[in-house]
Amino acid sequence: MENYSLSLDNWVALSATLEALQLHEASSSSEGGGNGSRSAPAHGAKVEAKLAYAERACKVALLLLHLLTTGNDRDTTEENGNHDDHHWNGVARCSLQVDDLSIEKFCVKFSPPNEGDDNNNMVDIQDAIGRALEYVNTRTSVRDLNGDGNITTVGEAEIKCALDSVIVVASTDDNLTPFRTVGKSSDDMFHKLGILFYQLFARGETPELEKRDTAHPDEDAIRSIARREEGEDPACCDIDEKDEEEVNGEKPPRKQIHLSSVTESLSGKGVPVSLCRLVADLINPNEVDGTPFHSLDEVVEEVKQILDRPDIFFHDVNWLDFSSGLIGRSQELQRLHQEAAAVQTGAGEFRNRLVLLKGFPGVGKSYLASNIQSELAESGWLYIHTKFDRFVQNPLLTIASSFDELLSSLWEEGDEENLDIFQNLEAALSSSAIVTLSEWLPSLRQLFPHIFRRVISDEDLVSLAAESQRRRRNNDMANSESAKSRLHYIFRKLVAALSSPDRPLLIFLDDLHWADNSCLDLISSLLMDFNHINPFGLANETPQCFLVMGSYRDNEVDSTHRLSSYLETFERCNTLQVTNIQLDGIAKFHTHLLISEMLGLPLRLTKSLTDAVQAKTLGNPLYINAFMQSLVREKLLVNSVSKKRWVWDIDAIKSVSIQESIAEVLTRKISYLPHDTQETLKVMSTFGSQISEECINHLYPEAKRQEFRDRLNSAVEESVIEKVGSKYKFVHDMVQQAVYELMTPKERGECHFQNGVKMISSLSSCDDSHTELGILSFAAIDQINIAKSFGATDTSMYARFAYLNLKAGERSMEVFNFISGFSYIEQGLSFMPKESKWNSSNYDLSRSLHEEACLACYVNALPAKANEYIEELLEKAQCLEHKLKAYYVMVKNLTSSGELAQALKKTFDVLIELGETFPAEVTPEIIQKELSNTKSLLNNLTQESILSSPRLTDEKKLWAIKFMNNLSGPLAVTNYQLGPLIACRMVHLSSQYGYCTESAFGFLGYGQAQISVFEDVDEGYRWGKIALSLLESLGGKSYLPKMRCLFYSYVSLWKEPFQASSNVLLHTHSEAMMVGDVEYASISAFFYCRQVLVCGQNLLLAEKECKAIASKMVQLKQIQMCYGQVNTYLFILKLNGNYDKVNPFPEIFDGKITNEEELLQLALSSGKQINAKGILSNRFQVAFFLGQFEEAAELAEKAKPLSKMSFMEVYHIFCEGLTAFQLARRSSSHSASKWMAIGEEAVKKFRFYEKCSNWNWDNNLFLLEAEYHNCRHEEDKADAKYKASIKSAQDHGFVHEEALALEFYGDFLHITRRVDQSREKYANACLCYEKWGAYAILPRLQAKIGQLQVQGTE
């Protein structure tokens, strides 16, 4: 479509016609309202119509300036897309003379959008334009259009389409001489341009310019010259008395004011003040208060600025406008968008992403985060904002609250997309995890009411409160020890469920320098742990789809700050991409733009003020805003009604002390507020950065609440605080700090104390039927504790304060917030007078505080501190029952530190005091007798009779069973023979005194013993299954992962396929992490890794999993399990050929153990027999698989397992039997008989194993039998057994054992001179070994194939 051309004066008429149509429509709408109900909207529509005309005229003015500053090549460059910068710098000039600057010399071209038939569309538009111009020509002036009812005959839509599609302003004369200013004043050029602009904005009218007499005719010219030379802003003047009166709200007396007739005329036509000022300065810059332009480029920039921000420059700015948005941070914002895009697209490696915004207070860290959040929200991102506060003693609640706010908002929205999120959440978390998480996130109760109805109806969880009390009563260390990991795991699952590529999640952690270690630990887990996505964090899985931003004041975080070590860890983590963004003050240019938009004045008028402000504030945005407000308060910056703009006293501003800090500026700002408002803000500041309506309700009686809110609302009007939902928040933490520091330390303490006492009194009078503490209760206790640090307290209330801190500590511990819990317990103890804390009136409270202190120290890994509390409690306790919790923590401390001998001694000492003794020496006869007696007891019991039996209520017997259940781990490593006796005693005590959740482990231990001692697999498997069912029925859901781990590692292998067991162990690992049992999460991972190896898992994948598992064990401080895991790791490395390339010891043992031999010697010297046997067993099996049968034979006896019918024993017998048959064929007749005897015993054992589980063992049995027949030269039988072994391994998916059978069959075929068949079996064995990943074995097979080729050639 060809561009359509219209003369500029006709464009003005056309645009005025559109304005008249819109005004007519607004008037008709107002009249239709009848009673004037729509007069306000109609007035708004009229204003918008006038502003729309001004904006269209402004766009045409800019196109005209473009023509004047780029020349006649404008159309060509536009079409070619060539916009070289030199066309904008005023060097290339248009082919125009000054006299040509008139409205008749120009035209506009427009290109309406393509809609339907192009030609018909253009015809319609041309027809509408023609009708409009014909109509205009019948009127005396454009102003006659308004109010004319016939105007509706003109096509409004077509005219608007044409006006919206103007693309260029061009000259109407193609033969113009070059632009000349010689002999003419440049002011003349600006004057002519100003008149042209006047005509544009005044709907075609020409200005009536007046000659003005002044007392000094040359004064304006002199002022103009001086300003050009000095670059002075016209507002840089003394603020006269009149302006001060305006600021004070008084109406100034009527005076003769020097307002340009141009400005008056344009303003009367609804032209914005900014455009009136621009035109007036072009027409006559020497007017009073006028400011000359120096180049056309300067005019261009001003018009562009006005068009860029019509929301500012099309309106009068009578106050400081802080709505300019983000200025000076485009690069930082772009970097954040890049990080967000990388998260959403999954770009880069398998990493989470952390962006750290750091800088001084007030540089705009939070504002930058807020802007990126707003922009990302348009793309579907979810957002969580957590702001840490120095006055919050329990910061984990802050994190939880921010997550809860997101879930609540998603629930309230009710979108279908949100339903998907909730379904993902329910699928990702177990019911128990959701119940646990609901104690942090109450909104989950609304989201999943069906889960809570189901849980509440369970017999084992009559109520959540009852469960909490049970945990406290039993001092459930199994949960407490690992609860932090459980909490981290659940939050990771929560984040993974909330986020997706379609709806990624942005988490902003504001003011990280005030986060405590519990928060930083949780944040570290969210960022660096991946085992909730893939159990072992392997890089072949999709990463989480969330981005974390954190902000902190780097000037307050030195090497000793707690955040510093976390930042270093983040930088070193290979699963975390850290991006640091340093925010300093904005550049002077951006300060200039900020002040220009703040005052609604163009850049050319605010230069000198910018210089002064930049020098004062160094570009700190918060400081700039505060400083500008202080100038207004000091009346150095005044909004002049007469001049319709801001004016200032630049000399006075420059004289303001440059040394004043931002805190001092903010303090001065607050000092201007009314006294009662200041006092209200002081109270608010003691709660940190915000205060909620609910908190206010408990802080003041009803009569005073509204008064308090009214004062807060007045502070909102002064932009000191803001109202967000039901919360009042300081606009910046520096403001909160400034308010807080208005009080003396004594005043702060008194304020905190009064707040705490009022809230405690109010909360205690509430109807609180449940025992759980809410956020407000924590806030009240925090106020009391902070007050005490200032010396403000009441000794008569010490017992009350100590008790409240105890409750807060217990509650924090129940929801796994151990750091805060310990802090509350210590605060509680600080309220207990040393001289009387153990007297009769304080004994129970002091004992409870010390018991919780022991537990808190243990779970916070403070063993020395725990011992202090343990010693005092043991010394002051009045009876054994009051010592048991301290003993229990002591044993757990010793176990976790690796002092197993001492842990066992202390446990048996306590058991003796509880009336339970065990023989000093355990013989097989004692074990067999105890198992037989227990079997006789159990013959009379069924699962139903056990469940119908009473629960255990005897506290001593309950503690005895708990201590015995805690022995399973240490005994397995040091003295496994005692295991059956412990299990039998637990069964007998339970049957005599009643059952508890730990009783189920007695039944499982009994089942294991039946298998290992009597080889009674059926009896052992039956009671193992019963134990699983009993545990669920007895209310021990948190113990289920431990139970499943033990059952599927020691019992199920005798009946169920390995593949099924390994899958259960993989799931059990996740379940254990979900309930926080890191010990059995690690054990499950270890057994999973071992069982998938016997399933033939690829060794390269196994290496990655092994490494990830070991790293996770180190992270969870499960060093004991690391000993076994590193053995498996070494086994894999030796077989896949990476042993010389990878050294796992430095990463796992941190340099304390450097090689396998050191590990073996440590195990032997510390009495950890199971670890030593594990190392020797792996050496033995590696030698076997590498074909080093003589070495394997030497290691076999040393590596012989301690326990019978164990996983380790099965594979020891298998490898030892095959080794024996290999050596039997190579030895003399005397030696051969010895080896044959060992091999025959292996065959006998595997015939028994195969009867238990043919899936797991028949291919092993066939291979042993094949080797047996081979040694006896029974070729037909051997041939059949080799084939059977190969087929069975294939059918059951044991590729490694298929490879072994193929290789041994190849050896057999070679011996029997079937060379071609032998070569084929070797080749197939190579393929299987390669599929297994056993590259260290391949050279042996390749050598055998090579030997066959040589023999074939001969």
# chains A, B, ... in the order shown; residues from 1 in each chain; ligands from 1
call {"tool": "select_by_dssp", "arguments": {"residues": "region 624-786 of chain A", "states": "strand (DSSP E or B)", "output": "list in words"}}
result
Leu637, Val638, Asn639, Ser640, Arg645, Trp646, Val647, Trp648, Gln690, Ile691, Ser692, Ile721, Glu722, Lys723, Val724, Lys727, Tyr728, Lys729 and Phe730 of chain A
call {"tool": "write_last_selection", "arguments": {"atoms": "N, CA and C atoms", "output": "PDB file, in the first residue's frame"}}
result
ATOM      1  N   LEU A 637      13.523  23.637  48.466  1.00  0.00           N
ATOM      2  CA  LEU A 637      12.908  23.168  47.232  1.00  0.00           C
ATOM      3  C   LEU A 637      11.416  23.415  47.369  1.00  0.00           C
ATOM      4  N   VAL A 638      10.862  24.276  46.477  1.00  0.00           N
ATOM      5  CA  VAL A 638       9.497  24.760  46.642  1.00  0.00           C
ATOM      6  C   VAL A 638       8.721  24.576  45.347  1.00  0.00           C
ATOM      7  N   ASN A 639       7.474  24.133  45.487  1.00  0.00           N
ATOM      8  CA  ASN A 639       6.602  24.072  44.322  1.00  0.00           C
ATOM      9  C   ASN A 639       5.883  25.412  44.191  1.00  0.00           C
ATOM     10  N   SER A 640       6.250  26.149  43.160  1.00  0.00           N
ATOM     11  CA  SER A 640       5.729  27.505  42.971  1.00  0.00           C
ATOM     12  C   SER A 640       4.436  27.471  42.169  1.00  0.00           C
ATOM     13  N   ARG A 645       5.751  25.208  38.722  1.00  0.00           N
ATOM     14  CA  ARG A 645       6.884  24.289  38.653  1.00  0.00           C
ATOM     15  C   ARG A 645       7.636  24.339  39.978  1.00  0.00           C
ATOM     16  N   TRP A 646       8.598  23.418  40.117  1.00  0.00           N
ATOM     17  CA  TRP A 646       9.467  23.411  41.287  1.00  0.00           C
ATOM     18  C   TRP A 646      10.613  24.406  41.068  1.00  0.00           C
ATOM     19  N   VAL A 647      10.967  25.105  42.129  1.00  0.00           N
ATOM     20  CA  VAL A 647      12.122  26.009  42.103  1.00  0.00           C
ATOM     21  C   VAL A 647      12.956  25.733  43.345  1.00  0.00           C
ATOM     22  N   TRP A 648      14.222  26.126  43.296  1.00  0.00           N
ATOM     23  CA  TRP A 648      15.120  25.820  44.417  1.00  0.00           C
ATOM     24  C   TRP A 648      16.194  26.889  44.574  1.00  0.00           C
ATOM     25  N   GLN A 690       8.013  -4.715  60.354  1.00  0.00           N
ATOM     26  CA  GLN A 690       6.574  -4.688  60.104  1.00  0.00           C
ATOM     27  C   GLN A 690       5.798  -5.055  61.359  1.00  0.00           C
ATOM     28  N   ILE A 691       4.523  -4.715  61.356  1.00  0.00           N
ATOM     29  CA  ILE A 691       3.626  -5.103  62.437  1.00  0.00           C
ATOM     30  C   ILE A 691       2.286  -5.432  61.805  1.00  0.00           C
ATOM     31  N   SER A 692       1.637  -6.475  62.286  1.00  0.00           N
ATOM     32  CA  SER A 692       0.376  -6.923  61.700  1.00  0.00           C
ATOM     33  C   SER A 692      -0.806  -6.372  62.488  1.00  0.00           C
ATOM     34  N   ILE A 721       6.005   4.673  56.249  1.00  0.00           N
ATOM     35  CA  ILE A 721       5.632   3.261  56.215  1.00  0.00           C
ATOM     36  C   ILE A 721       4.626   3.078  55.096  1.00  0.00           C
ATOM     37  N   GLU A 722       4.291   1.797  54.833  1.00  0.00           N
ATOM     38  CA  GLU A 722       3.289   1.493  53.816  1.00  0.00           C
ATOM     39  C   GLU A 722       2.376   0.409  54.342  1.00  0.00           C
ATOM     40  N   LYS A 723       1.166   0.376  53.842  1.00  0.00           N
ATOM     41  CA  LYS A 723       0.195  -0.646  54.240  1.00  0.00           C
ATOM     42  C   LYS A 723       0.121  -1.688  53.133  1.00  0.00           C
ATOM     43  N   VAL A 724       0.469  -2.911  53.487  1.00  0.00           N
ATOM     44  CA  VAL A 724       0.425  -4.019  52.529  1.00  0.00           C
ATOM     45  C   VAL A 724      -0.459  -5.100  53.125  1.00  0.00           C
ATOM     46  N   LYS A 727      -0.773  -5.715  56.999  1.00  0.00           N
ATOM     47  CA  LYS A 727       0.476  -5.385  57.692  1.00  0.00           C
ATOM     48  C   LYS A 727       0.919  -3.965  57.365  1.00  0.00           C
ATOM     49  N   TYR A 728       1.491  -3.327  58.367  1.00  0.00           N
ATOM     50  CA  TYR A 728       2.166  -2.052  58.170  1.00  0.00           C
ATOM     51  C   TYR A 728       3.665  -2.339  58.104  1.00  0.00           C
ATOM     52  N   LYS A 729       4.318  -1.816  57.064  1.00  0.00           N
ATOM     53  CA  LYS A 729       5.742  -2.088  56.858  1.00  0.00           C
ATOM     54  C   LYS A 729       6.497  -0.783  56.680  1.00  0.00           C
ATOM     55  N   PHE A 730       7.684  -0.707  57.277  1.00  0.00           N
ATOM     56  CA  PHE A 730       8.561   0.423  57.007  1.00  0.00           C
ATOM     57  C   PHE A 730       8.999   0.358  55.541  1.00  0.00           C
TER      58      PHE A 730
END
call {"tool": "atom_distance", "arguments": {"atom1": "CA of Ile451 (chain A)", "atom2": "CA of Glu439 (chain A)"}}
result
14.1 Å
call {"tool": "residues_around", "arguments": {"residues": "Phe106 (chain A)", "least_positions_apart": "2", "cutoff": "9 Å", "atoms": "only C-alpha atoms", "output": "mmCIF file with N, CA and C atoms, in the first residue's frame"}}
result
data_model
loop_
_atom_site.group_PDB
_atom_site.id
_atom_site.type_symbol
_atom_site.label_atom_id
_atom_site.label_comp_id
_atom_site.auth_asym_id
_atom_site.auth_seq_id
_atom_site.Cartn_x
_atom_site.Cartn_y
_atom_site.Cartn_z
ATOM 1 N N LEU A 6 -0.721 14.153 3.656
ATOM 2 C CA LEU A 6 -1.675 15.157 4.119
ATOM 3 C C LEU A 6 -0.872 16.360 4.599
ATOM 4 N N SER A 7 -1.270 17.550 4.200
ATOM 5 C CA SER A 7 -0.539 18.741 4.637
ATOM 6 C C SER A 7 -0.616 18.867 6.148
ATOM 7 N N LEU A 8 0.392 19.495 6.750
ATOM 8 C CA LEU A 8 0.466 19.563 8.207
ATOM 9 C C LEU A 8 -0.710 20.347 8.780
ATOM 10 N N ASP A 9 -1.124 21.435 8.121
ATOM 11 C CA ASP A 9 -2.259 22.185 8.643
ATOM 12 C C ASP A 9 -3.542 21.357 8.574
ATOM 13 N N LEU A 64 8.896 15.932 12.994
ATOM 14 C CA LEU A 64 9.356 17.158 12.348
ATOM 15 C C LEU A 64 10.800 17.472 12.732
ATOM 16 N N LEU A 101 10.421 27.493 8.133
ATOM 17 C CA LEU A 101 9.832 26.861 9.316
ATOM 18 C C LEU A 101 8.421 27.400 9.546
ATOM 19 N N SER A 102 7.502 26.930 8.751
ATOM 20 C CA SER A 102 6.106 27.317 8.903
ATOM 21 C C SER A 102 5.240 26.105 8.602
ATOM 22 N N ILE A 103 4.037 26.106 9.123
ATOM 23 C CA ILE A 103 3.169 24.929 9.052
ATOM 24 C C ILE A 103 2.808 24.563 7.629
ATOM 25 N N GLU A 104 2.831 25.590 6.704
ATOM 26 C CA GLU A 104 2.456 25.309 5.324
ATOM 27 C C GLU A 104 3.537 24.546 4.569
ATOM 28 N N VAL A 108 2.423 15.411 6.353
ATOM 29 C CA VAL A 108 2.611 14.149 7.068
ATOM 30 C C VAL A 108 2.240 13.006 6.147
ATOM 31 N N VAL A 169 7.183 13.009 8.792
ATOM 32 C CA VAL A 169 6.875 14.380 8.390
ATOM 33 C C VAL A 169 7.868 14.757 7.304
ATOM 34 N N ALA A 170 7.372 15.301 6.228
ATOM 35 C CA ALA A 170 8.235 15.627 5.092
ATOM 36 C C ALA A 170 7.997 17.078 4.673
ATOM 37 N N SER A 171 8.935 17.574 3.877
ATOM 38 C CA SER A 171 8.800 18.935 3.332
ATOM 39 C C SER A 171 7.933 18.888 2.076
ATOM 40 N N THR A 172 7.151 19.935 1.860
ATOM 41 C CA THR A 172 6.306 19.992 0.661
ATOM 42 C C THR A 172 7.064 20.491 -0.559
ATOM 43 N N ASP A 173 8.292 20.992 -0.365
ATOM 44 C CA ASP A 173 9.103 21.545 -1.455
ATOM 45 C C ASP A 173 10.325 20.662 -1.652
#
call {"tool": "closest_residue", "arguments": {"among": "A:Cys1089, A:Gly1137, A:His1067, A:Arg1022", "to": "Gln1125 (chain A)", "atoms": "only C-alpha atoms"}}
result
A:Cys1089
call {"tool": "atom_distance", "arguments": {"atom1": "CA of Ser274 (chain A)", "atom2": "CA of Val168 (chain A)"}}
result
23.7 Å
call {"tool": "residues_around", "arguments": {"residues": "Ser777 (chain A)", "least_positions_apart": "6", "cutoff": "8 Å", "atoms": "only C-alpha atoms", "output": "list in words"}}
result
Met759, Ile760 and Leu763 of chain A
call {"tool": "write_last_selection", "arguments": {"atoms": "N, CA and C atoms", "output": "short mmCIF file (atom, residue, chain, number, x, y, z; two decimals), in the first residue's frame"}}
result
data_model
loop_
_atom_site.label_atom_id
_atom_site.label_comp_id
_atom_site.auth_asym_id
_atom_site.auth_seq_id
_atom_site.Cartn_x
_atom_site.Cartn_y
_atom_site.Cartn_z
N MET A 759 1.15 -8.33 75.42
CA MET A 759 0.76 -9.41 74.52
C MET A 759 0.57 -10.72 75.26
N ILE A 760 1.43 -11.00 76.23
CA ILE A 760 1.29 -12.24 77.01
C ILE A 760 -0.03 -12.23 77.76
N LEU A 763 -2.87 -12.69 75.13
CA LEU A 763 -2.91 -14.03 74.57
C LEU A 763 -3.36 -15.06 75.60
#
call {"tool": "residues_around", "arguments": {"residues": "Ser15 (chain A)", "least_positions_apart": "2", "cutoff": "12 Å", "atoms": "only C-alpha atoms", "output": "VMD selection string"}}
result
chain A and resid 6 8 to 13 17 to 22 49 to 58 60 129 132 to 133 136 142 145 156 158 to 164 166 200 to 204
call {"tool": "closest_residue", "arguments": {"among": "A:Thr974, A:Gln1097, A:Ser671, A:Ser1231", "to": "Lys1168 (chain A)", "atoms": "only C-alpha atoms"}}
result
A:Thr974
call {"tool": "closest_residue", "arguments": {"among": "A:Leu65, A:Leu505, A:Val1350, A:Ala400", "to": "Gln344 (chain A)", "atoms": "only C-alpha atoms"}}
result
A:Leu505
call {"tool": "closest_residue", "arguments": {"among": "A:Gly362, A:Pro1201, A:Gly688, A:Pro701", "to": "Met734 (chain A)", "atoms": "only C-alpha atoms"}}
result
A:Gly362
call {"tool": "residues_around", "arguments": {"residues": "Asn939 (chain A)", "least_positions_apart": "5", "cutoff": "12 Å", "atoms": "only C-alpha atoms", "output": "list in words"}}
result
Ser932, Asn933, Thr934, Ser945, Glu1019 and Trp1023 of chain A
call {"tool": "write_last_selection", "arguments": {"atoms": "N, CA, C and O atoms", "output": "PDB file, in the first residue's frame"}}
result
ATOM      1  N   SER A 932      14.927 -70.455  71.127  1.00  0.00           N
ATOM      2  CA  SER A 932      13.937 -71.528  71.283  1.00  0.00           C
ATOM      3  C   SER A 932      12.846 -71.114  72.262  1.00  0.00           C
ATOM      4  O   SER A 932      11.654 -71.361  72.030  1.00  0.00           O
ATOM      5  N   ASN A 933      13.248 -70.500  73.372  1.00  0.00           N
ATOM      6  CA  ASN A 933      12.256 -70.044  74.350  1.00  0.00           C
ATOM      7  C   ASN A 933      11.322 -68.987  73.734  1.00  0.00           C
ATOM      8  O   ASN A 933      10.112 -68.996  73.979  1.00  0.00           O
ATOM      9  N   THR A 934      11.897 -68.098  72.961  1.00  0.00           N
ATOM     10  CA  THR A 934      11.088 -67.049  72.345  1.00  0.00           C
ATOM     11  C   THR A 934      10.136 -67.636  71.313  1.00  0.00           C
ATOM     12  O   THR A 934       8.978 -67.199  71.200  1.00  0.00           O
ATOM     13  N   SER A 945      -3.732 -61.028  68.217  1.00  0.00           N
ATOM     14  CA  SER A 945      -3.661 -61.042  69.683  1.00  0.00           C
ATOM     15  C   SER A 945      -2.676 -59.992  70.191  1.00  0.00           C
ATOM     16  O   SER A 945      -2.890 -59.405  71.254  1.00  0.00           O
ATOM     17  N   GLU A1019      10.387 -69.192  58.931  1.00  0.00           N
ATOM     18  CA  GLU A1019      10.023 -68.578  60.212  1.00  0.00           C
ATOM     19  C   GLU A1019      10.516 -67.134  60.281  1.00  0.00           C
ATOM     20  O   GLU A1019       9.800 -66.234  60.714  1.00  0.00           O
ATOM     21  N   TRP A1023       8.011 -63.688  60.460  1.00  0.00           N
ATOM     22  CA  TRP A1023       8.015 -62.699  61.538  1.00  0.00           C
ATOM     23  C   TRP A1023       8.541 -61.340  61.061  1.00  0.00           C
ATOM     24  O   TRP A1023       8.186 -60.300  61.631  1.00  0.00           O
TER      25      TRP A1023
END
call {"tool": "residues_around", "arguments": {"residues": "region 1314-1319 of chain A", "least_positions_apart": "6", "cutoff": "10 Å", "atoms": "only C-alpha atoms", "output": "PyMOL selection string"}}
result
chain A and resi 1302-1308+1325+1341+1344-1349+1351-1352
call {"tool": "decode", "arguments": {"residues": "region 396-402 of chain A", "atoms": "all heavy atoms", "output": "PDB file, in the first residue's frame"}}
result
ATOM      1  N   LEU A 396      13.118 -18.849  61.085  1.00  0.00           N
ATOM      2  CA  LEU A 396      12.527 -19.891  60.242  1.00  0.00           C
ATOM      3  C   LEU A 396      11.032 -19.653  60.045  1.00  0.00           C
ATOM      4  O   LEU A 396      10.468 -20.001  59.011  1.00  0.00           O
ATOM      5  CB  LEU A 396      12.756 -21.269  60.860  1.00  0.00           C
ATOM      6  CG  LEU A 396      13.997 -22.038  60.400  1.00  0.00           C
ATOM      7  CD1 LEU A 396      14.092 -23.368  61.098  1.00  0.00           C
ATOM      8  CD2 LEU A 396      14.015 -22.217  58.901  1.00  0.00           C
ATOM      9  N   LEU A 397      10.397 -19.055  61.055  1.00  0.00           N
ATOM     10  CA  LEU A 397       8.984 -18.719  60.904  1.00  0.00           C
ATOM     11  C   LEU A 397       8.776 -17.705  59.788  1.00  0.00           C
ATOM     12  O   LEU A 397       7.743 -17.707  59.122  1.00  0.00           O
ATOM     13  CB  LEU A 397       8.433 -18.148  62.216  1.00  0.00           C
ATOM     14  CG  LEU A 397       8.168 -19.152  63.347  1.00  0.00           C
ATOM     15  CD1 LEU A 397       7.720 -18.413  64.594  1.00  0.00           C
ATOM     16  CD2 LEU A 397       7.122 -20.169  62.928  1.00  0.00           C
ATOM     17  N   THR A 398       9.776 -16.843  59.593  1.00  0.00           N
ATOM     18  CA  THR A 398       9.687 -15.858  58.525  1.00  0.00           C
ATOM     19  C   THR A 398       9.671 -16.546  57.169  1.00  0.00           C
ATOM     20  O   THR A 398       8.874 -16.206  56.286  1.00  0.00           O
ATOM     21  CB  THR A 398      10.865 -14.878  58.609  1.00  0.00           C
ATOM     22  OG1 THR A 398      10.906 -14.296  59.908  1.00  0.00           O
ATOM     23  CG2 THR A 398      10.742 -13.783  57.576  1.00  0.00           C
ATOM     24  N   ILE A 399      10.560 -17.515  56.990  1.00  0.00           N
ATOM     25  CA  ILE A 399      10.583 -18.269  55.733  1.00  0.00           C
ATOM     26  C   ILE A 399       9.264 -19.017  55.548  1.00  0.00           C
ATOM     27  O   ILE A 399       8.643 -18.968  54.477  1.00  0.00           O
ATOM     28  CB  ILE A 399      11.764 -19.258  55.716  1.00  0.00           C
ATOM     29  CG1 ILE A 399      13.100 -18.503  55.718  1.00  0.00           C
ATOM     30  CG2 ILE A 399      11.689 -20.179  54.505  1.00  0.00           C
ATOM     31  CD1 ILE A 399      14.312 -19.403  55.700  1.00  0.00           C
ATOM     32  N   ALA A 400       8.830 -19.704  56.602  1.00  0.00           N
ATOM     33  CA  ALA A 400       7.597 -20.477  56.506  1.00  0.00           C
ATOM     34  C   ALA A 400       6.409 -19.580  56.181  1.00  0.00           C
ATOM     35  O   ALA A 400       5.555 -19.933  55.363  1.00  0.00           O
ATOM     36  CB  ALA A 400       7.354 -21.227  57.811  1.00  0.00           C
ATOM     37  N   SER A 401       6.362 -18.424  56.813  1.00  0.00           N
ATOM     38  CA  SER A 401       5.251 -17.507  56.578  1.00  0.00           C
ATOM     39  C   SER A 401       5.189 -17.061  55.127  1.00  0.00           C
ATOM     40  O   SER A 401       4.102 -16.941  54.549  1.00  0.00           O
ATOM     41  CB  SER A 401       5.387 -16.295  57.504  1.00  0.00           C
ATOM     42  OG  SER A 401       4.351 -15.373  57.267  1.00  0.00           O
ATOM     43  N   SER A 402       6.338 -16.828  54.506  1.00  0.00           N
ATOM     44  CA  SER A 402       6.345 -16.388  53.110  1.00  0.00           C
ATOM     45  C   SER A 402       5.855 -17.498  52.179  1.00  0.00           C
ATOM     46  O   SER A 402       5.128 -17.238  51.215  1.00  0.00           O
ATOM     47  CB  SER A 402       7.749 -15.919  52.705  1.00  0.00           C
ATOM     48  OG  SER A 402       8.691 -16.963  52.821  1.00  0.00           O
TER      49      SER A 402
END
